[in-house]
Structures are given as C-alpha cells and as structure tokens.
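Colleague: Pasting target_0.cif here (mmCIF, C-alpha atoms, pLDDT in the B column; chains and numbers go by the auth columns):
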```cif
data_final
#
loop_
_atom_site.group_PDB
_atom_site.id
_atom_site.type_symbol
_atom_site.label_atom_id
_atom_site.label_comp_id
_atom_site.label_asym_id
_atom_site.label_seq_id
_atom_site.Cartn_x
_atom_site.Cartn_y
_atom_site.Cartn_z
_atom_site.B_iso_or_equiv
_atom_site.auth_seq_id
_atom_site.auth_asym_id
ATOM 1 C CA MET A 1 -19.221 27.602 21.593 55.00 1 A
ATOM 2 C CA GLN A 2 -18.714 27.350 17.863 59.00 2 A
ATOM 3 C CA THR A 3 -19.695 24.186 16.016 62.00 3 A
ATOM 4 C CA VAL A 4 -18.178 23.196 12.720 60.00 4 A
ATOM 5 C CA ALA A 5 -19.888 20.914 10.261 56.00 5 A
ATOM 6 C CA PRO A 6 -17.686 18.115 8.929 58.00 6 A
ATOM 7 C CA ILE A 7 -16.552 18.415 5.340 56.00 7 A
ATOM 8 C CA ILE A 8 -18.058 15.661 3.230 58.00 8 A
ATOM 9 C CA THR A 9 -15.788 14.305 0.520 64.00 9 A
ATOM 10 C CA LEU A 10 -17.576 13.888 -2.776 82.00 10 A
ATOM 11 C CA TRP A 11 -16.170 10.904 -4.620 89.00 11 A
ATOM 12 C CA PRO A 12 -16.385 10.571 -8.408 92.00 12 A
ATOM 13 C CA TRP A 13 -18.953 7.968 -9.438 92.00 13 A
ATOM 14 C CA TRP A 14 -16.323 5.602 -10.890 94.00 14 A
ATOM 15 C CA MET A 15 -14.516 5.333 -7.509 94.00 15 A
ATOM 16 C CA ARG A 16 -17.500 4.383 -5.394 92.00 16 A
ATOM 17 C CA SER A 17 -17.264 0.598 -5.732 94.00 17 A
ATOM 18 C CA THR A 18 -14.844 -2.087 -6.807 95.00 18 A
ATOM 19 C CA GLY A 19 -17.259 -3.109 -9.561 96.00 19 A
ATOM 20 C CA LEU A 20 -17.242 0.398 -11.025 95.00 20 A
ATOM 21 C CA LEU A 21 -13.448 0.583 -10.834 96.00 21 A
ATOM 22 C CA ALA A 22 -13.243 -2.669 -12.797 96.00 22 A
ATOM 23 C CA ARG A 23 -15.934 -1.768 -15.356 95.00 23 A
ATOM 24 C CA THR A 24 -14.295 1.562 -16.150 95.00 24 A
ATOM 25 C CA ASN A 25 -10.847 -0.067 -16.421 94.00 25 A
ATOM 26 C CA SER A 26 -9.553 2.340 -13.805 95.00 26 A
ATOM 27 C CA ARG A 27 -6.037 1.886 -12.505 96.00 27 A
ATOM 28 C CA VAL A 28 -5.584 1.147 -8.807 97.00 28 A
ATOM 29 C CA ARG A 29 -2.435 1.183 -6.676 97.00 29 A
ATOM 30 C CA THR A 30 -1.535 0.905 -2.997 97.00 30 A
ATOM 31 C CA ARG A 31 1.081 3.004 -1.279 96.00 31 A
ATOM 32 C CA CYS A 32 2.593 2.156 2.063 95.00 32 A
ATOM 33 C CA PRO A 33 3.525 5.026 4.370 94.00 33 A
ATOM 34 C CA GLY A 34 5.907 2.713 6.246 93.00 34 A
ATOM 35 C CA CYS A 35 8.241 1.712 3.403 93.00 35 A
ATOM 36 C CA SER A 36 6.987 4.060 0.631 92.00 36 A
ATOM 37 C CA ALA A 37 6.379 1.088 -1.695 93.00 37 A
ATOM 38 C CA LEU A 38 3.980 1.739 -4.575 94.00 38 A
ATOM 39 C CA MET A 39 2.263 -1.486 -5.667 95.00 39 A
ATOM 40 C CA ARG A 40 -0.082 -2.442 -8.489 95.00 40 A
ATOM 41 C CA VAL A 41 -3.495 -3.771 -7.474 96.00 41 A
ATOM 42 C CA ASP A 42 -5.154 -6.670 -9.271 95.00 42 A
ATOM 43 C CA LEU A 43 -8.828 -5.674 -9.514 93.00 43 A
ATOM 44 C CA ALA A 44 -9.854 -9.306 -10.082 94.00 44 A
ATOM 45 C CA ASP A 45 -8.382 -10.113 -6.652 95.00 45 A
ATOM 46 C CA ILE A 46 -10.156 -7.121 -5.090 95.00 46 A
ATOM 47 C CA LEU A 47 -13.476 -8.149 -6.670 95.00 47 A
ATOM 48 C CA ALA A 48 -13.061 -11.698 -5.344 96.00 48 A
ATOM 49 C CA ARG A 49 -12.353 -10.434 -1.812 94.00 49 A
ATOM 50 C CA TYR A 50 -14.912 -7.618 -1.477 94.00 50 A
ATOM 51 C CA GLY A 51 -17.449 -8.222 -4.257 96.00 51 A
ATOM 52 C CA PRO A 52 -18.601 -5.683 -6.855 96.00 52 A
ATOM 53 C CA ASP A 53 -20.331 -3.516 -4.240 95.00 53 A
ATOM 54 C CA GLY A 54 -17.286 -3.265 -1.967 95.00 54 A
ATOM 55 C CA SER A 55 -15.458 0.005 -1.596 95.00 55 A
ATOM 56 C CA LEU A 56 -11.773 0.850 -1.312 96.00 56 A
ATOM 57 C CA ILE A 57 -12.501 4.301 0.084 95.00 57 A
ATOM 58 C CA ASP A 58 -10.982 4.609 3.578 94.00 58 A
ATOM 59 C CA ARG A 59 -9.789 0.991 3.424 95.00 59 A
ATOM 60 C CA ARG A 60 -6.249 0.182 4.583 95.00 60 A
ATOM 61 C CA GLU A 61 -4.425 -3.089 3.900 94.00 61 A
ATOM 62 C CA ASP A 62 -1.289 -4.666 5.310 96.00 62 A
ATOM 63 C CA CYS A 63 1.685 -3.807 3.091 95.00 63 A
ATOM 64 C CA ARG A 64 2.630 -6.725 0.832 92.00 64 A
ATOM 65 C CA LEU A 65 6.349 -6.008 0.967 91.00 65 A
ATOM 66 C CA VAL A 66 8.175 -8.663 2.950 92.00 66 A
ATOM 67 C CA GLU A 67 8.891 -7.616 6.564 94.00 67 A
ATOM 68 C CA CYS A 68 7.059 -4.276 6.294 95.00 68 A
ATOM 69 C CA THR A 69 4.491 -3.677 9.028 95.00 69 A
ATOM 70 C CA GLY A 70 2.893 -0.627 7.385 95.00 70 A
ATOM 71 C CA ARG A 71 -0.764 -0.232 6.428 96.00 71 A
ATOM 72 C CA ALA A 72 -1.120 0.740 2.759 96.00 72 A
ATOM 73 C CA PHE A 73 -3.857 2.995 1.381 96.00 73 A
ATOM 74 C CA TYR A 74 -5.487 2.858 -2.047 97.00 74 A
ATOM 75 C CA MET A 75 -5.177 5.314 -4.918 96.00 75 A
ATOM 76 C CA ALA A 76 -7.132 5.273 -8.189 97.00 76 A
ATOM 77 C CA GLN A 77 -6.711 6.813 -11.611 96.00 77 A
ATOM 78 C CA TRP A 78 -9.497 7.154 -14.193 92.00 78 A
ATOM 79 C CA SER A 79 -7.100 6.450 -17.075 90.00 79 A
ATOM 80 C CA TYR A 80 -3.509 6.962 -18.164 89.00 80 A
ATOM 81 C CA GLY A 81 -2.338 10.543 -17.793 89.00 81 A
ATOM 82 C CA GLN A 82 -5.056 11.489 -15.300 92.00 82 A
ATOM 83 C CA ALA A 83 -4.347 12.487 -11.709 92.00 83 A
ATOM 84 C CA TRP A 84 -4.136 9.789 -9.034 93.00 84 A
ATOM 85 C CA ARG A 85 -6.717 10.232 -6.280 94.00 85 A
ATOM 86 C CA ILE A 86 -5.972 9.040 -2.778 94.00 86 A
ATOM 87 C CA MET A 87 -8.961 7.094 -1.522 95.00 87 A
ATOM 88 C CA LEU A 88 -8.976 8.455 2.024 94.00 88 A
ATOM 89 C CA SER A 89 -11.336 11.052 3.460 90.00 89 A
ATOM 90 C CA ASP A 90 -9.662 11.689 6.830 88.00 90 A
ATOM 91 C CA ARG A 91 -7.865 15.065 6.734 85.00 91 A
ATOM 92 C CA GLY A 92 -5.335 13.985 9.351 87.00 92 A
ATOM 93 C CA GLN A 93 -4.296 10.974 7.303 90.00 93 A
ATOM 94 C CA LEU A 94 -4.113 13.048 4.125 89.00 94 A
ATOM 95 C CA ASP A 95 -1.874 15.595 5.850 89.00 95 A
ATOM 96 C CA GLU A 96 0.468 12.800 6.973 89.00 96 A
ATOM 97 C CA ILE A 97 0.548 11.337 3.454 87.00 97 A
ATOM 98 C CA ALA A 98 1.433 14.726 1.992 89.00 98 A
ATOM 99 C CA MET A 99 4.628 14.665 4.081 90.00 99 A
ATOM 100 C CA LEU A 100 5.801 11.231 2.867 89.00 100 A
ATOM 101 C CA PRO A 101 9.004 10.881 0.845 87.00 101 A
ATOM 102 C CA PRO A 102 8.630 9.976 -2.851 86.00 102 A
ATOM 103 C CA ALA A 103 7.173 6.558 -3.594 87.00 103 A
ATOM 104 C CA ARG A 104 9.573 3.658 -4.092 85.00 104 A
ATOM 105 C CA THR A 105 9.218 1.542 -7.194 85.00 105 A
ATOM 106 C CA ALA A 106 11.318 -1.157 -8.862 83.00 106 A
ATOM 107 C CA ALA A 107 13.169 1.590 -10.734 82.00 107 A
ATOM 108 C CA ALA A 108 14.824 2.544 -7.422 76.00 108 A
ATOM 109 C CA LEU A 109 16.274 -0.982 -7.154 68.00 109 A
ATOM 110 C CA ASN A 110 18.213 -0.660 -10.408 73.00 110 A
ATOM 111 C CA PRO A 111 21.039 1.889 -9.978 63.00 111 A
#
```
Rewrite the structure of this file - the entire thing - as structure tokens.
Modeller:
Amino acid sequence: MQTVAPIITLWPWWMRSTGLLARTNSRVRTRCPGCSALMRVDLADILARYGPDGSLIDRREDCRLVECTGRAFYMAQWSYGQAWRIMLSDRGQLDEIAMLPPARTAAALNP
C-alpha cells in the first residue's frame, strides 16, 4: 500500500486574515460557480462579520445575486495588475472552477 502525503498550500502572508487583506488594501472578489457572477467584496463588511483575525481561505458564501442558489468562493489580488488568487485549497474544487465559463460582470448586461 502506497501512502501519499497531502499537499499543503502555502498562502502569501497578506491573504491569511481579513485584517491583513484590509491593511494591505488588497482587492477581494467573490465568484459564483452557479451563475458565474463576479462580485466586489466590501472589506469593511467582511471585517465586521469575521473580525480582523478571520480568514476567507476555504470559505464559501451564498451568492448575492437574486434567485441564485450557488455558493461563491473568494479571490484576492495584492494590487492592480497582479494575478487573482483563488482562496481555496481543495484540489477537487479548483479543478471544477477551472472548467467554469468566463465570469459574468455588468459589462455583459450592456449589449
């Protein structure tokens, strides 16, 4: 029998807590796999709900789009122009997310 050690995801220091995300002025978004909506996140709201020591890593939230029943995941960006990092560590979930259609934004509503 072969045993395999789990891969540990190493998160950048600025992503480890909601307080650090706010202090570094990082950008945070949610994306829903159900409706593909990409939404801005208000870090003041997140800080009020989870406190400065809370984490968004592996946290899922109900989609805020009316009538969507999806569970959105968080993504963070250090600053403008930097890569967005999906805040999930589960490989299965990441594989599913990689297969999603492009994100939907308000630009898609204006033909």
Colleague: Just give me the gap between CA of Val66 in chain A and CA of Val28 in chain A in Å, one decimal is fine.
Modeller: 20.6 Å
Colleague: Check what the PyMOL selection byres ((chain A and resi 19-26) around 12) selects in the file above and give those residues as a ChimeraX atom specification.
Modeller: /A:12-18,27-29,40-57,75-85
Colleague: Please report as CSV every residue of range 29-74 of chain A lying within 6 Å of range 91-111 of chain A, along with the nearest atom pair and their distance in Å (one decimal), using all atoms listed in the file.
Modeller:
```
residue,atom,partner,partner_atom,distance
A:Ser36,CA,A:Ala103,CA,4.9
A:Ala37,CA,A:Arg104,CA,4.7
A:Leu38,CA,A:Thr105,CA,5.9
```
Colleague: Restricting the calculation to all atoms listed in the file, which member of A:Tyr74, A:Cys68, A:Ser89, A:Arg59 is positioned closest to Gly34 in chain A?
Modeller: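 The shortest atom-to-atom distance to Gly34 in chain A comes from A:Cys68.
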Colleague: Figure out the distance between CA of Met87 in chain A and CA of Thr30 in chain A, please, to one decimal in Å.
Modeller: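 Computing it gives 9.8 Å between the two atoms.
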Colleague: In Å, with one decimal, what is the gap from CA of Arg31 in chain A to CA of Trp11 in chain A?
Modeller: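 These two atoms are separated by 19.3 Å.
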Colleague: With 4 Å on each side, where is the centre of the axis-aligned box around all listed atoms of range 27-32 of chain A, and how long are its edges in Å to one decimal, as JSON?
Modeller:
```
{"center_x": -1.7, "center_y": 2.0, "center_z": -5.2, "size_x": 16.6, "size_y": 10.1, "size_z": 22.6}
```
Colleague: Show me the residues close to (0.5, 3.4, 9.0) - anything with an atom within 10 Å, counting all atoms listed in the file - and format the list as a ChimeraX atom specification.
Modeller: /A:32-35,60-63,69-73,93,96-97
Colleague: Assuming the input is short of atoms at range 22-51 of chain A, produce N, CA and C atoms for that part as a JSON list (two decimals), in the coordinates of the input.
Modeller:
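As written to disk, out.json reads:
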```json
[["chain", "number", "residue", "atom", "x", "y", "z"],
["A", 22, "ALA", "N", -13.56, -1.64, -11.81],
["A", 22, "ALA", "CA", -13.24, -2.67, -12.80],
["A", 22, "ALA", "C", -13.92, -2.38, -14.14],
["A", 23, "ARG", "N", -15.20, -2.01, -14.11],
["A", 23, "ARG", "CA", -15.93, -1.77, -15.36],
["A", 23, "ARG", "C", -15.38, -0.60, -16.15],
["A", 24, "THR", "N", -14.84, 0.39, -15.46],
["A", 24, "THR", "CA", -14.30, 1.56, -16.15],
["A", 24, "THR", "C", -12.81, 1.39, -16.47],
["A", 25, "ASN", "N", -12.27, 0.21, -16.19],
["A", 25, "ASN", "CA", -10.85, -0.07, -16.42],
["A", 25, "ASN", "C", -9.95, 0.96, -15.74],
["A", 26, "SER", "N", -10.36, 1.38, -14.58],
["A", 26, "SER", "CA", -9.55, 2.34, -13.80],
["A", 26, "SER", "C", -8.29, 1.64, -13.30],
["A", 27, "ARG", "N", -7.28, 2.42, -13.05],
["A", 27, "ARG", "CA", -6.04, 1.89, -12.50],
["A", 27, "ARG", "C", -6.04, 2.09, -11.00],
["A", 28, "VAL", "N", -5.60, 1.08, -10.27],
["A", 28, "VAL", "CA", -5.58, 1.15, -8.81],
["A", 28, "VAL", "C", -4.20, 0.74, -8.31],
["A", 29, "ARG", "N", -3.72, 1.46, -7.30],
["A", 29, "ARG", "CA", -2.44, 1.18, -6.68],
["A", 29, "ARG", "C", -2.61, 1.25, -5.16],
["A", 30, "THR", "N", -1.64, 0.67, -4.44],
["A", 30, "THR", "CA", -1.54, 0.90, -3.00],
["A", 30, "THR", "C", -0.20, 1.59, -2.75],
["A", 31, "ARG", "N", -0.17, 2.37, -1.69],
["A", 31, "ARG", "CA", 1.08, 3.00, -1.28],
["A", 31, "ARG", "C", 1.20, 2.85, 0.22],
["A", 32, "CYS", "N", 2.36, 2.39, 0.65],
["A", 32, "CYS", "CA", 2.59, 2.16, 2.06],
["A", 32, "CYS", "C", 3.34, 3.33, 2.67],
["A", 33, "PRO", "N", 2.81, 3.94, 3.71],
["A", 33, "PRO", "CA", 3.52, 5.03, 4.37],
["A", 33, "PRO", "C", 4.73, 4.54, 5.17],
["A", 34, "GLY", "N", 4.79, 3.24, 5.47],
["A", 34, "GLY", "CA", 5.91, 2.71, 6.25],
["A", 34, "GLY", "C", 7.18, 2.56, 5.43],
["A", 35, "CYS", "N", 7.06, 1.97, 4.23],
["A", 35, "CYS", "CA", 8.24, 1.71, 3.40],
["A", 35, "CYS", "C", 8.23, 2.51, 2.10],
["A", 36, "SER", "N", 7.17, 3.24, 1.85],
["A", 36, "SER", "CA", 6.99, 4.06, 0.63],
["A", 36, "SER", "C", 6.82, 3.24, -0.64],
["A", 37, "ALA", "N", 6.56, 1.94, -0.51],
["A", 37, "ALA", "CA", 6.38, 1.09, -1.70],
["A", 37, "ALA", "C", 5.07, 1.43, -2.40],
["A", 38, "LEU", "N", 5.15, 1.53, -3.72],
["A", 38, "LEU", "CA", 3.98, 1.74, -4.58],
["A", 38, "LEU", "C", 3.73, 0.43, -5.30],
["A", 39, "MET", "N", 2.55, -0.16, -5.12],
["A", 39, "MET", "CA", 2.26, -1.49, -5.67],
["A", 39, "MET", "C", 1.03, -1.45, -6.57],
["A", 40, "ARG", "N", 1.09, -2.26, -7.63],
["A", 40, "ARG", "CA", -0.08, -2.44, -8.49],
["A", 40, "ARG", "C", -1.13, -3.26, -7.74],
["A", 41, "VAL", "N", -2.39, -3.01, -8.07],
["A", 41, "VAL", "CA", -3.50, -3.77, -7.47],
["A", 41, "VAL", "C", -4.19, -4.54, -8.58],
["A", 42, "ASP", "N", -4.42, -5.82, -8.34],
["A", 42, "ASP", "CA", -5.15, -6.67, -9.27],
["A", 42, "ASP", "C", -6.64, -6.55, -8.94],
["A", 43, "LEU", "N", -7.40, -5.88, -9.80],
["A", 43, "LEU", "CA", -8.83, -5.67, -9.51],
["A", 43, "LEU", "C", -9.62, -6.98, -9.46],
["A", 44, "ALA", "N", -9.17, -8.00, -10.18],
["A", 44, "ALA", "CA", -9.85, -9.31, -10.08],
["A", 44, "ALA", "C", -9.74, -9.85, -8.66],
["A", 45, "ASP", "N", -8.58, -9.68, -8.04],
["A", 45, "ASP", "CA", -8.38, -10.11, -6.65],
["A", 45, "ASP", "C", -9.27, -9.30, -5.71],
["A", 46, "ILE", "N", -9.33, -8.00, -5.93],
["A", 46, "ILE", "CA", -10.16, -7.12, -5.09],
["A", 46, "ILE", "C", -11.63, -7.49, -5.22],
["A", 47, "LEU", "N", -12.08, -7.75, -6.46],
["A", 47, "LEU", "CA", -13.48, -8.15, -6.67],
["A", 47, "LEU", "C", -13.79, -9.47, -5.97],
["A", 48, "ALA", "N", -12.85, -10.41, -6.01],
["A", 48, "ALA", "CA", -13.06, -11.70, -5.34],
["A", 48, "ALA", "C", -13.14, -11.53, -3.83],
["A", 49, "ARG", "N", -12.36, -10.62, -3.27],
["A", 49, "ARG", "CA", -12.35, -10.43, -1.81],
["A", 49, "ARG", "C", -13.54, -9.63, -1.31],
["A", 50, "TYR", "N", -13.91, -8.55, -2.01],
["A", 50, "TYR", "CA", -14.91, -7.62, -1.48],
["A", 50, "TYR", "C", -16.21, -7.58, -2.27],
["A", 51, "GLY", "N", -16.25, -8.24, -3.43],
["A", 51, "GLY", "CA", -17.45, -8.22, -4.26],
["A", 51, "GLY", "C", -17.57, -6.92, -5.03]]
```
